[in-house]
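**Q** Here's a structure for you.
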Amino acid sequence: MKKVVRGFYAVAHSVKLCKPHVICAYPITPQTEIVENLAEMYANGELKNCEYITAESEFGAASILVGASAAGARVFSATCSQGLILMSEVLFNAAGMRLPIVIVNTNRALSAPLSIWNDHQDSMVLRDAGIMQLFVENNQEAHDAVPQAYKIAEDKRVLLPFMVCMDGFKLTHAYEPVDLLEEEVVDAFLPPYQPQIYLTTKKPVAMGCYALPAYYMEFRVAMQQAMERAKSVMEKIYKEWAEVSGRDWGGHIVVEYPDAKIFVVAMGSLVGLLRKVVNDLRKEGIDVGLIKIRTFRPFPVENLRKALSNAEKIVVFDRSVSFGYEGPLSIELKSALYKYSSADFYSYIVGLGGRDMPKDFLAGIIRDVANGKEKPGVAFKGYKEFEEVIP
Amino acid sequence: MKFFGSGHGACPGCGLTIAVKNTLEALNGKCFVANPTGCLEIISSQYGRNAWGVPYIHSLFENVAAVAAGIDAALKAMGRRDEGKIVVFAGDGATADIGIGTLSGAMDRNHNIIYICLDNEAYQNTGHQQSGLTPPGEATTTTPVGKIFPGKIGKKKDMVAFALAHGCPYVATSSVAFPADIRRKVKKAASIEGFAYIQIHSSCVTGWGIDGNQSIEVARLAVETGLYPIVEYENGKLVSVRKIKDRKPVIEYLKVQRRFRHLLKHPKGKEIIERLQQIADENAKKYGLDG
């Protein structure tokens, strides 16, 4: 049933249909209305066999999910920014404990300065945690991502936390028509969570044991192997979703104009705008294509090598910075293409802390790259010149 | 012993294992154990040498109350509450310092948890650093005795008051010197719906500077001097107190432990001993310990 809803509701509705046993969160802008919507459903008895817990912090919320997931429950939380990095100690731990926790991260900048607005810096903090990350472009994709996230995370070949990343405000607060899923569709797609190993007095196990140097490394190698297996599990489940829902979001990456000489690469809601920009530039005669990276972890190295092997110029729009180096997406991409591409890299850091990225601004950058006015390299774009006062 | 096996790595005379074994026996092993990082975790949950015969989880240092709350929520949602109680065994640092935020949240939401604080009065796992439950005058590696300072200057946090202020339906203290008291209180806590906080004074042979065979005797002296009152509250009301016949002066307790022995010589030692005696006297008055 198609309805015009905000991003919050698109997520909450989908979470409800996945029938989590424990929902737990702490308020933070621009996530709060996701869990407010869920709290309302809980108050109205729409969430069966479910406990909604108001945590004392995001750290507490993530920890509650660890306990609940370890006890065999399907769990959900949503957060972003400071909340996500407050959760980070727990999420690293949850990944190591192989708990299939699903969270939605409504991507937001990190302090300081404090900013409630959108960029991808928060996700990057969790880059090395052992958590899968899927970036969505619009609210329908966010809505559809939740059941897929559970199915992938709970797959016994994977068993790792899953984070659905949706741009704060740009998506969460946006009204968009969303084809809301029917219960039967999700029920048929997503089986109940039945872990093989969980906390029960019927068959006691110890979880979270510490490992001496003789064992630790094997656990970490196993996590990497699970991430590698996740690549094929995800592709299979993405396809399965396309069949049951009739909406095909593509695989790990989506390539538009695969024979283009210049490729623009980005993640999240920016892709929607770039699609329009790329189409306009092609009308101007610029041979430009677009790559939307959906799966950020595991990083789809093979897909990107295949898609970009003949590119001459690669333009990356990063929404975060690894200070002292450059944009993380650009770093990852360069590493993936090492010895597979001789393309020049144009790595731009844009839109930090909600800085506007108008269509003409993006088109101008790409046009300059195409015309040779931009030199390959790394640059921030879209900020005002200033002089830092060093006292 | 099927609930907590031999082969764990605790020091001979360690108080923690006395508290753990008596708790698990009182519950007949029908429980889930959540345990933060600390001595107990390290001695019992090495990969490949797990000592637990009950379902056990360790996550982090400062989140055990929240992890236990998550288990509680999961069991409730899945209709599995009949499987058993949720028991936390947490050290004093995990309880009163680093984990106090998640503890407050779990107490506030009144989860169905028996939270046992194994109070050995310092961070013993990392080698005897001061915690919020280290008493005044104790020499730890972070409050050492020096020319100026006679060990810890601050006070021991009152976690019983903290639990009572949260409205916990069951709040009690106990001591490894009185295993029958531990078992009775755990059984009582198990019969009550909601959050139970039990703080058990647990001797630490290395941190306290005592011999393994003095473990019970020294813990008993803490009670007999009035420094560690054994009390029990139900729904905020004091329902039982362990009376002391011929309460001993605190010096009897202090002089047998390396962590306090400097007080006998240090220029400020007398002042601290007087303060500790005053604390014991106030405890005696507050709870009516003498009798």
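Residue numbering restarts at 1 for every chain of the structure tokens, chains are lettered A, B, ... in their displayed order, and ligands are numbered from 1 as they appear.
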Please check the contacts: residues of chain B at most 6 Å away from chain A, using only C-alpha atoms, listed as a PDB file with N, CA and C atoms, in the first residue's frame.
**A**
```pdb
ATOM      1  N   SER B  45      36.277 -17.660  33.148  1.00  0.00           N
ATOM      2  CA  SER B  45      35.738 -17.735  31.778  1.00  0.00           C
ATOM      3  C   SER B  45      36.813 -17.686  30.699  1.00  0.00           C
ATOM      4  N   GLN B  46      37.948 -18.243  30.982  1.00  0.00           N
ATOM      5  CA  GLN B  46      38.956 -18.340  29.926  1.00  0.00           C
ATOM      6  C   GLN B  46      38.451 -19.290  28.847  1.00  0.00           C
ATOM      7  N   TYR B  47      38.606 -18.905  27.575  1.00  0.00           N
ATOM      8  CA  TYR B  47      38.140 -19.753  26.490  1.00  0.00           C
ATOM      9  C   TYR B  47      38.795 -21.127  26.597  1.00  0.00           C
ATOM     10  N   VAL B  54      26.193 -23.017  34.543  1.00  0.00           N
ATOM     11  CA  VAL B  54      24.929 -22.322  34.261  1.00  0.00           C
ATOM     12  C   VAL B  54      25.182 -21.404  33.067  1.00  0.00           C
ATOM     13  N   PRO B  55      24.119 -20.977  32.347  1.00  0.00           N
ATOM     14  CA  PRO B  55      24.350 -20.059  31.221  1.00  0.00           C
ATOM     15  C   PRO B  55      25.031 -18.775  31.708  1.00  0.00           C
ATOM     16  N   TYR B  56      26.086 -18.404  31.009  1.00  0.00           N
ATOM     17  CA  TYR B  56      26.949 -17.325  31.483  1.00  0.00           C
ATOM     18  C   TYR B  56      27.256 -16.370  30.343  1.00  0.00           C
ATOM     19  N   ILE B  57      27.256 -15.073  30.637  1.00  0.00           N
ATOM     20  CA  ILE B  57      27.678 -14.097  29.638  1.00  0.00           C
ATOM     21  C   ILE B  57      28.554 -13.023  30.249  1.00  0.00           C
ATOM     22  N   HIS B  58      29.626 -12.717  29.527  1.00  0.00           N
ATOM     23  CA  HIS B  58      30.461 -11.558  29.830  1.00  0.00           C
ATOM     24  C   HIS B  58      30.475 -10.697  28.580  1.00  0.00           C
ATOM     25  N   SER B  59      30.204  -9.399  28.748  1.00  0.00           N
ATOM     26  CA  SER B  59      30.275  -8.503  27.583  1.00  0.00           C
ATOM     27  C   SER B  59      31.386  -7.486  27.810  1.00  0.00           C
ATOM     28  N   ALA B  66      22.939  -3.577  32.158  1.00  0.00           N
ATOM     29  CA  ALA B  66      22.164  -3.449  30.920  1.00  0.00           C
ATOM     30  C   ALA B  66      22.090  -4.790  30.188  1.00  0.00           C
ATOM     31  N   VAL B  67      23.178  -5.542  30.190  1.00  0.00           N
ATOM     32  CA  VAL B  67      23.162  -6.865  29.555  1.00  0.00           C
ATOM     33  C   VAL B  67      22.135  -7.761  30.261  1.00  0.00           C
ATOM     34  N   ALA B  68      22.144  -7.710  31.593  1.00  0.00           N
ATOM     35  CA  ALA B  68      21.176  -8.496  32.373  1.00  0.00           C
ATOM     36  C   ALA B  68      19.753  -8.020  32.072  1.00  0.00           C
ATOM     37  N   ALA B  69      19.586  -6.705  31.937  1.00  0.00           N
ATOM     38  CA  ALA B  69      18.265  -6.143  31.605  1.00  0.00           C
ATOM     39  C   ALA B  69      17.799  -6.664  30.248  1.00  0.00           C
ATOM     40  N   GLY B  70      18.745  -6.792  29.314  1.00  0.00           N
ATOM     41  CA  GLY B  70      18.416  -7.314  27.990  1.00  0.00           C
ATOM     42  C   GLY B  70      17.962  -8.762  28.053  1.00  0.00           C
ATOM     43  N   ILE B  71      18.636  -9.550  28.885  1.00  0.00           N
ATOM     44  CA  ILE B  71      18.221 -10.953  29.051  1.00  0.00           C
ATOM     45  C   ILE B  71      16.808 -10.990  29.637  1.00  0.00           C
ATOM     46  N   ALA B  73      14.450  -8.724  29.410  1.00  0.00           N
ATOM     47  CA  ALA B  73      13.469  -8.312  28.398  1.00  0.00           C
ATOM     48  C   ALA B  73      13.225  -9.439  27.399  1.00  0.00           C
ATOM     49  N   ALA B  74      14.314 -10.107  27.006  1.00  0.00           N
ATOM     50  CA  ALA B  74      14.192 -11.189  26.023  1.00  0.00           C
ATOM     51  C   ALA B  74      13.351 -12.344  26.583  1.00  0.00           C
ATOM     52  N   ALA B  77       9.717 -11.289  26.692  1.00  0.00           N
ATOM     53  CA  ALA B  77       9.096 -11.205  25.364  1.00  0.00           C
ATOM     54  C   ALA B  77       8.858 -12.590  24.776  1.00  0.00           C
ATOM     55  N   THR B 102      24.548   2.252  33.887  1.00  0.00           N
ATOM     56  CA  THR B 102      23.659   1.169  33.454  1.00  0.00           C
ATOM     57  C   THR B 102      22.975   0.528  34.666  1.00  0.00           C
ATOM     58  N   GLY B 105      20.001   2.667  35.454  1.00  0.00           N
ATOM     59  CA  GLY B 105      18.932   2.420  34.482  1.00  0.00           C
ATOM     60  C   GLY B 105      18.175   1.137  34.796  1.00  0.00           C
TER      61      GLY B 105
END
```
**Q** Using only C-alpha atoms, which residues sit within 10 Å of Leu126 of chain A once same-chain residues fewer than 5 positions away are excluded, as a list in words?
**A** Leu84, Ile85, Met87, Ser88, Glu89, Leu91, Phe92, Gln121, Ile131, Met132, Gln133, Met163 and Arg297 of chain A
**Q** Using only C-alpha atoms for the distances, tell me which of A:Ile366, A:Val233, A:Gly251, A:Val350 is nearest to Asp287 of chain A.
**A**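 Using only C-alpha atoms, Asp287 of chain A sits closest to A:Ile366.
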**Q** I'd like the neighbourhood of Val88 of chain B as a short mmCIF file (atom, residue, chain, number, x, y, z; two decimals) with N, CA and C atoms, in the first residue's frame, where a residue qualifies if any of its atoms comes within 9 Å (using only C-alpha atoms), though same-chain residues fewer than 6 positions away should be ignored.
**A**
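The resulting file, part24.cif, is reproduced below:
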```cif
data_model
loop_
_atom_site.label_atom_id
_atom_site.label_comp_id
_atom_site.auth_asym_id
_atom_site.auth_seq_id
_atom_site.Cartn_x
_atom_site.Cartn_y
_atom_site.Cartn_z
N PHE B 32 20.55 -17.47 35.07
CA PHE B 32 21.46 -16.96 34.05
C PHE B 32 22.46 -16.06 34.77
N VAL B 33 23.72 -16.18 34.46
CA VAL B 33 24.72 -15.32 35.10
C VAL B 33 25.28 -14.32 34.11
N ALA B 34 25.26 -13.05 34.50
CA ALA B 34 25.93 -11.99 33.73
C ALA B 34 27.05 -11.44 34.59
N ASN B 35 28.20 -11.24 33.99
CA ASN B 35 29.40 -10.94 34.75
C ASN B 35 30.25 -9.92 33.98
N PRO B 36 30.52 -8.78 34.58
CA PRO B 36 31.37 -7.82 33.86
C PRO B 36 32.84 -8.22 33.93
N VAL B 64 27.17 -4.47 32.64
CA VAL B 64 26.56 -5.75 33.03
C VAL B 64 25.09 -5.61 33.41
N ALA B 65 24.73 -4.51 34.05
CA ALA B 65 23.32 -4.33 34.45
C ALA B 65 22.43 -4.24 33.21
N ALA B 68 22.14 -7.71 31.59
CA ALA B 68 21.18 -8.50 32.37
C ALA B 68 19.75 -8.02 32.07
N ILE B 113 16.03 -8.85 38.30
CA ILE B 113 17.45 -9.23 38.36
C ILE B 113 17.90 -9.30 39.81
N ILE B 114 18.71 -10.30 40.13
CA ILE B 114 19.41 -10.30 41.43
C ILE B 114 20.82 -9.80 41.13
N TYR B 115 21.10 -8.58 41.55
CA TYR B 115 22.40 -7.96 41.25
C TYR B 115 23.28 -8.11 42.49
N ILE B 116 24.33 -8.89 42.37
CA ILE B 116 25.22 -9.11 43.51
C ILE B 116 26.52 -8.35 43.27
N CYS B 117 26.76 -7.40 44.15
CA CYS B 117 28.03 -6.68 44.10
C CYS B 117 29.01 -7.40 45.02
#
```
**Q** Fewer than 5 positions away in the same chain doesn't count, so skip those; otherwise give me all residues within 10 Å of Lys313 of chain A, counting only C-alpha atoms, as number ranges by chain.
**A** A: 260-264, 288, 308, 341-346, 369-370, 376
**Q** Residues near Val265 of chain A, anyone? I mean within 7 Å using only C-alpha atoms, not counting same-chain ones fewer than 5 positions away, as a list in words.
**A** Leu290, Ile291, Lys292, Val315, Val316 and Phe317 of chain A
**Q** Out of A:Ser322, A:Ser123, A:Gln148, A:Asn371, which residue has the shortest atom-to-atom distance to Ile286 of chain A when counting only C-alpha atoms?
**A**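 Result for the nearest residue to Ile286 of chain A: A:Asn371.
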**Q** Write out as a tab-separated table (two decimals) with C-alpha atoms, in the first residue's frame each polymer residue whose atoms come within 12 Å of Asp211 of chain B, counting only C-alpha atoms; drop sequence neighbours fewer than 3 positions from it.
**A**
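After the write, around-v8.tsv holds the following:
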```tsv
chain	number	residue	atom	x	y	z
B	11	CYS	CA	43.55	-17.52	44.62
B	12	PRO	CA	43.26	-19.92	47.57
B	13	GLY	CA	41.00	-18.16	50.07
B	14	CYS	CA	39.35	-15.88	47.50
B	203	SER	CA	37.81	-10.84	51.06
B	204	CYS	CA	40.73	-10.52	48.65
B	205	VAL	CA	43.88	-12.18	49.88
B	206	THR	CA	46.28	-10.32	47.60
B	207	GLY	CA	44.64	-6.91	47.75
B	208	TRP	CA	43.95	-6.94	51.47
B	214	GLN	CA	42.50	-15.71	57.17
B	215	SER	CA	39.90	-14.90	54.51
B	216	ILE	CA	36.80	-15.74	56.57
B	217	GLU	CA	38.24	-14.51	59.87
B	218	VAL	CA	39.06	-11.04	58.46
B	256	VAL	CA	45.57	-7.74	60.52
B	257	GLN	CA	45.60	-6.42	56.95
B	258	ARG	CA	48.49	-5.02	54.94
```
**Q** For the structure I just gave you, how does DSSP split segment 202-286 of chain B - specifically, which residues are helix (DSSP H, G or I)? Reply as a PyMOL selection string.
**A** chain B and resi 205-208+212-224+250-254+258-264+269-286
**Q** What is the distance between atom CA of Gly130 of chain A and atom CA of Leu47 of chain A, in Å to one decimal?
**A** 29.7 Å
**Q** Mind checking which residues fall within 6 Å of His173 of chain A, counting only C-alpha atoms, ignoring those fewer than 4 positions away in the same chain, and posting them as a ChimeraX atom specification?
**A** /A:6-7,169
